[in-house]
Amino acid sequence: MSGVLDLARDLLPLIWSGIVTGCLYALGALGLVMIFKCSRVVNFSHGNVAGFAAFLVYGFSTGFLLHLSWGAAVLLAVVAIIAIACLSYAVIVPLVFQSDLTATIATLGLGLIVQGATLLVFGSEIVNLNLPIPHFGTSILGLRITGYDLTVLAVAVLTIGILFFVIDHTKLGVAFRAISDNPFAAEVCGLNLRSVHLFAWIVAAVLGVIGALLIVPTTFLSSTTVASFMLQAFAAAVVGGFASLPGSLVGGVLIGILMNLFTFYVSPEFTNTFLLVVILLALNVFPNGILARAGGSRV
Amino acid sequence: MSENAGAMMVERGSGDRRFLPSSGQLAAYGVAIVVICLPAVLVGSWIFTLGICFANSIGVLAVSFLLRYGGEVSIGHGFFVAIGAYSVAVTDSHFGLSLLAGLPAALVLGILAGVLFAWPSRNISGIYLAVSTMALALALPEIINNTNSDWSGGYEGLYVSHGVLPGVPIALQQYYIPFVLLVIVAYMLGRLRRSRQGIVLLLARSHSAAADAFGTRRVWARVSVMGISCGIAAVSGAALAFASSTVSPGGFTLWSSIFLLVGSSVSFYGLTLPRALIGGGFLTLVPQFLSGSGAWIPVLYGLALLGVILAGQFAGRIRAARRRGPEGA
C-alpha cells in the first residue's frame, strides 16, 4: 500500500510538470505542423528563428539594443519575426512547388543564417530572460504548482484555442484546411496557395516566439537553447503524425510526460537517445500519428 | 612520398585503362597531380588543413551518394563519421594499432551501424528520414559522453598518434593517406556507377517496380545504399581522426552533420574527385579564412546552401525555357 502511495507521490509531480513542458513542446510542434500541413515542407529553421526572437526580446527590454517595456519589446520582436517569416517564405517559394525535400534543405540554410545572425548580434554569451509574472506557489495534494506553471498552461490553452477556432470557423481556416487536403483542387477553386502558405508561416513564427519566451525562464538563453528544445517539438510532431494539429498537441503532452518519467526512472543523460527511439518507433508503429487510428480529425 | 604517389597513380591507371579518359577523368587526373605536388610548396599548417579537407571530402561523398542513389537527405551523417573516427582512435590509443587496423574496423562498424539504422527505418523516406537522422545526430554527443570514458575519452576525446608508413614524416602521412582514401572512394564510386549493382540501385530508386521485376527488392536496395553511404562516412571519420590526430565529441554535433550536407550541395551532389574536393574544400577552408569571425561561418554556409539550391532551381527553369523557346517559335 505504501509502495503505491510512494509511486503516486513520485508520479503526480512528474506528470504535472510533464504536462506543463509538454504544452511548450506542443506549441513548437504546432508551428512545424502548420507549415508542413499546407506546404509539405519541414521547417528546420523554426527553432533558430524562435531563439532569435527570444534574444530580440532580451535585447529590446534590457537596453542591449533598446530600452523598452517587456510588452513593447515582445510586440516589436513579433513584428520582426513576422518580417523574417515573410522573407523566409519569399526565399523558398520557388522551391515549394517543385520539391518539398529541396525546400526542406533550404530551410536548413535559413536556419544557419539566423543562427549566425544571432551569434553576430548577441554573441555567444548566456543570458537570463524571465517572464514578468509574480512569484506564486501553492501546494495541492502534495503537488507544487507555481505561477510559471499556471502561466504556461493559460497561455498555451489560450493560444491553441484561438488557433483551433481560427482554423475551424474562419474563411482563412477553411482555406487552410482545403489546401492541406488537396492543394490542386483548392487552387482550381480559386484559392491562392501562396497567401495561405504565408499565413501558416506567420502563425508558426508567432507560435515559436510564444514557445521560446515560455521555455527560456526554465533554463537560460543562449544561441542554442531554443534550437535544441526543438528536438522535443519534432518528436511531438512525429508522434502526432506530422500532419495533424490535435495530434501534435497530444504528442507534445505525451512527450513531455514520457521525457519526465524517463529522466526520473531511467537516466537523465540519454534524453536525446530516448527521443530518437521514440521517433523511430512512432514512425514505424504509427506512421500517420497516434490519433489516426482513433478516427480522423478535423483540424 | 614519391613511392606513395607512384603507387597511387599505378592503381588509378590500371583500373581505367579499359576506358578512354573522358574530360571528367582528365580533370580528376589533373587535380590528383596538383594535390600530390602541393606539399612541396605549402607550409605545414596548410598541409594539415588540406589533410582534414580530404577527410571531409570523403564525408561529402557519403552524403552525396545517399542523395544520388537513395534519393534521401541525411542530416545525421556525423553519427557515422564519428563511428569511423572513434574506431580508429580506440584501436590506436587502447591497442596501439595504426590506421591499418582501425580503418577496416571503421568500415565494418560504419556499414553495420548504417544497416542497423536503415533496417528499422526502411519504410521511412523523405522528410521523415531527415527528421530521424536529425535525432540520430542530436543523440550522438550524449552517447559518446556517457559511454565508459576510459574507452571514449569522454569530453576530452582521444589522440591518434601512430603513423602508418615508418620513416615518413607524420605530417606528410596526415596529408597523403586521407587523399589516397579519397581517391580510392571516388574511384570505387565511379566503378559502382558503371557496374550492374550500381545501375540496379539507381533503378530501385527511380522505378522500384521495375527493379522488383528484375529481382531487386526496394528494401534491400535502400538498406544497401544506406550501408554503403554510412561505410563511406565511417572511412571519412577514420581519415578525419588520422588527419587531425584528435577525436572529441565536440567535433560531431548536429551542425557538423548539416555542414556535410552543405558541402554536398555546394559540390552539386557530385560523386567525382574534383566535386568532392570542392565540397570538402568549402567545408574546411571557409572556417580557415573566417577564423577571426566565427559567427560569419554559419551565415556564409547558409547563404551558400541557399544560393546553390536556388541557382540549381533557376538554372533548370532557364534551360527548360530555352528548350521550349525554339519549339514554341
# chains A, B, ... in the order shown; residues from 1 in each chain; ligands from 1
>>> interface_residues(of="chain B", to="chain A", cutoff="10 Å", atoms="only C-alpha atoms", output="MDAnalysis selection string")
chainID B and resid 71:75 117 120:124 126:143 145:146 254:255 258:259 261:262 265 293:310 313:314
>>> residues_around(residues="Gln174 (chain B)", least_positions_apart="3", cutoff="9 Å", atoms="only C-alpha atoms", output="PyMOL selection string")
chain B and resi 47-48+51-52+163+169-171+177-179+239+242-245
>>> select_by_dssp(residues="region 44-283 of chain A", states="strand (DSSP E)", output="MDAnalysis selection string")
chainID A and resid 137:140 143:146
>>> write_last_selection(atoms="N, CA and C atoms", output="PDB file, in the first residue's frame")
ATOM      1  N   GLY A 137       3.301  30.363  -5.471  1.00  0.00           N
ATOM      2  CA  GLY A 137       3.411  28.916  -5.387  1.00  0.00           C
ATOM      3  C   GLY A 137       2.419  28.384  -4.390  1.00  0.00           C
ATOM      4  N   THR A 138       1.789  27.299  -4.720  1.00  0.00           N
ATOM      5  CA  THR A 138       0.843  26.699  -3.789  1.00  0.00           C
ATOM      6  C   THR A 138       0.978  25.191  -3.881  1.00  0.00           C
ATOM      7  N   SER A 139       0.416  24.529  -2.910  1.00  0.00           N
ATOM      8  CA  SER A 139       0.562  23.087  -2.864  1.00  0.00           C
ATOM      9  C   SER A 139      -0.810  22.441  -2.801  1.00  0.00           C
ATOM     10  N   ILE A 140      -1.119  21.596  -3.775  1.00  0.00           N
ATOM     11  CA  ILE A 140      -2.405  20.900  -3.786  1.00  0.00           C
ATOM     12  C   ILE A 140      -2.119  19.408  -3.839  1.00  0.00           C
ATOM     13  N   LEU A 143       1.231  18.494  -4.494  1.00  0.00           N
ATOM     14  CA  LEU A 143       1.721  18.906  -5.804  1.00  0.00           C
ATOM     15  C   LEU A 143       2.057  20.386  -5.747  1.00  0.00           C
ATOM     16  N   ARG A 144       3.289  20.741  -6.054  1.00  0.00           N
ATOM     17  CA  ARG A 144       3.657  22.156  -6.033  1.00  0.00           C
ATOM     18  C   ARG A 144       3.327  22.794  -7.361  1.00  0.00           C
ATOM     19  N   ILE A 145       2.474  23.816  -7.290  1.00  0.00           N
ATOM     20  CA  ILE A 145       2.076  24.489  -8.518  1.00  0.00           C
ATOM     21  C   ILE A 145       2.571  25.923  -8.442  1.00  0.00           C
ATOM     22  N   THR A 146       3.335  26.365  -9.419  1.00  0.00           N
ATOM     23  CA  THR A 146       3.894  27.713  -9.375  1.00  0.00           C
ATOM     24  C   THR A 146       3.159  28.620 -10.356  1.00  0.00           C
TER      25      THR A 146
END
>>> closest_residue(among="A:Tyr25, A:Phe165, A:Trp16, A:Phe36", to="Ser180 (chain A)", atoms="only C-alpha atoms")
A:Phe36
>>> residues_around(residues="region 150-153 of chain B", least_positions_apart="4", cutoff="8 Å", atoms="only C-alpha atoms", output="PyMOL selection string")
chain B and resi 86+90+94+144-145+157-158+248
>>> write_last_selection(atoms="C-alpha atoms", output="PDB file, in the first residue's frame")
ATOM      1  CA  TYR B  86      36.257   6.555 -32.761  1.00  0.00           C
ATOM      2  CA  VAL B  90      40.145   3.452 -29.872  1.00  0.00           C
ATOM      3  CA  HIS B  94      43.863   1.263 -26.464  1.00  0.00           C
ATOM      4  CA  ILE B 144      29.793   9.469 -26.555  1.00  0.00           C
ATOM      5  CA  ASN B 145      29.938  11.483 -23.351  1.00  0.00           C
ATOM      6  CA  GLY B 157      38.392  12.792 -26.510  1.00  0.00           C
ATOM      7  CA  LEU B 158      41.258  10.630 -27.686  1.00  0.00           C
ATOM      8  CA  SER B 248      36.405  14.538 -29.408  1.00  0.00           C
TER       9      SER B 248
END
>>> select_by_dssp(residues="region 149-248 of chain B", states="helix (DSSP H, G or I)", output="VMD selection string")
chain B and resid 149 to 152 170 to 194 196 to 206 208 to 213 218 to 244
>>> residues_around(residues="Ala85 (chain B)", least_positions_apart="2", cutoff="9 Å", atoms="only C-alpha atoms", output="PyMOL selection string")
chain B and resi 80-83+87-90+102+106+234-242+246-247
>>> atom_distance(atom1="CA of Ser195 (chain A)", atom2="CA of Leu172 (chain A)")
9.8 Å
>>> closest_residue(among="B:Leu112, B:Trp119, B:Val180, B:Ser161", to="Leu273 (chain B)", atoms="only C-alpha atoms")
B:Val180
>>> residues_around(residues="Gly24 (chain B)", least_positions_apart="3", cutoff="10 Å", atoms="only C-alpha atoms", output="ChimeraX atom specification")
/B:21,27-30,272-274
>>> write_last_selection(atoms="N, CA and C atoms", output="PDB file, in the first residue's frame")
ATOM      1  N   PRO B  21      40.023   8.047 -71.376  1.00  0.00           N
ATOM      2  CA  PRO B  21      39.759   9.083 -70.383  1.00  0.00           C
ATOM      3  C   PRO B  21      38.801  10.135 -70.931  1.00  0.00           C
ATOM      4  N   ALA B  27      40.121  15.755 -65.708  1.00  0.00           N
ATOM      5  CA  ALA B  27      40.078  16.733 -64.611  1.00  0.00           C
ATOM      6  C   ALA B  27      40.519  16.068 -63.316  1.00  0.00           C
ATOM      7  N   ALA B  28      40.035  14.821 -63.099  1.00  0.00           N
ATOM      8  CA  ALA B  28      40.406  14.121 -61.875  1.00  0.00           C
ATOM      9  C   ALA B  28      41.910  13.871 -61.825  1.00  0.00           C
ATOM     10  N   TYR B  29      42.490  13.456 -62.963  1.00  0.00           N
ATOM     11  CA  TYR B  29      43.943  13.245 -63.004  1.00  0.00           C
ATOM     12  C   TYR B  29      44.681  14.546 -62.709  1.00  0.00           C
ATOM     13  N   GLY B  30      44.203  15.634 -63.343  1.00  0.00           N
ATOM     14  CA  GLY B  30      44.847  16.930 -63.134  1.00  0.00           C
ATOM     15  C   GLY B  30      44.827  17.323 -61.672  1.00  0.00           C
ATOM     16  N   THR B 272      32.399  12.683 -58.094  1.00  0.00           N
ATOM     17  CA  THR B 272      33.750  12.576 -58.651  1.00  0.00           C
ATOM     18  C   THR B 272      34.757  13.229 -57.710  1.00  0.00           C
ATOM     19  N   LEU B 273      36.027  12.962 -57.985  1.00  0.00           N
ATOM     20  CA  LEU B 273      37.082  13.510 -57.132  1.00  0.00           C
ATOM     21  C   LEU B 273      37.076  15.042 -57.097  1.00  0.00           C
ATOM     22  N   PRO B 274      37.030  15.721 -58.256  1.00  0.00           N
ATOM     23  CA  PRO B 274      37.047  17.192 -58.182  1.00  0.00           C
ATOM     24  C   PRO B 274      35.842  17.758 -57.440  1.00  0.00           C
TER      25      PRO B 274
END
>>> closest_residue(among="A:Val4, A:Leu245, A:Cys23, A:Val49", to="Ser88 (chain A)", atoms="only C-alpha atoms")
A:Val49
>>> atom_distance(atom1="CA of Phe79 (chain B)", atom2="CA of Leu66 (chain B)")
14.5 Å
>>> residues_around(residues="Ile167 (chain A)", least_positions_apart="6", cutoff="9 Å", atoms="only C-alpha atoms", output="ChimeraX atom specification")
/A:173-177,299
>>> atom_distance(atom1="CA of Leu87 (chain A)", atom2="CA of Thr225 (chain A)")
23.6 Å
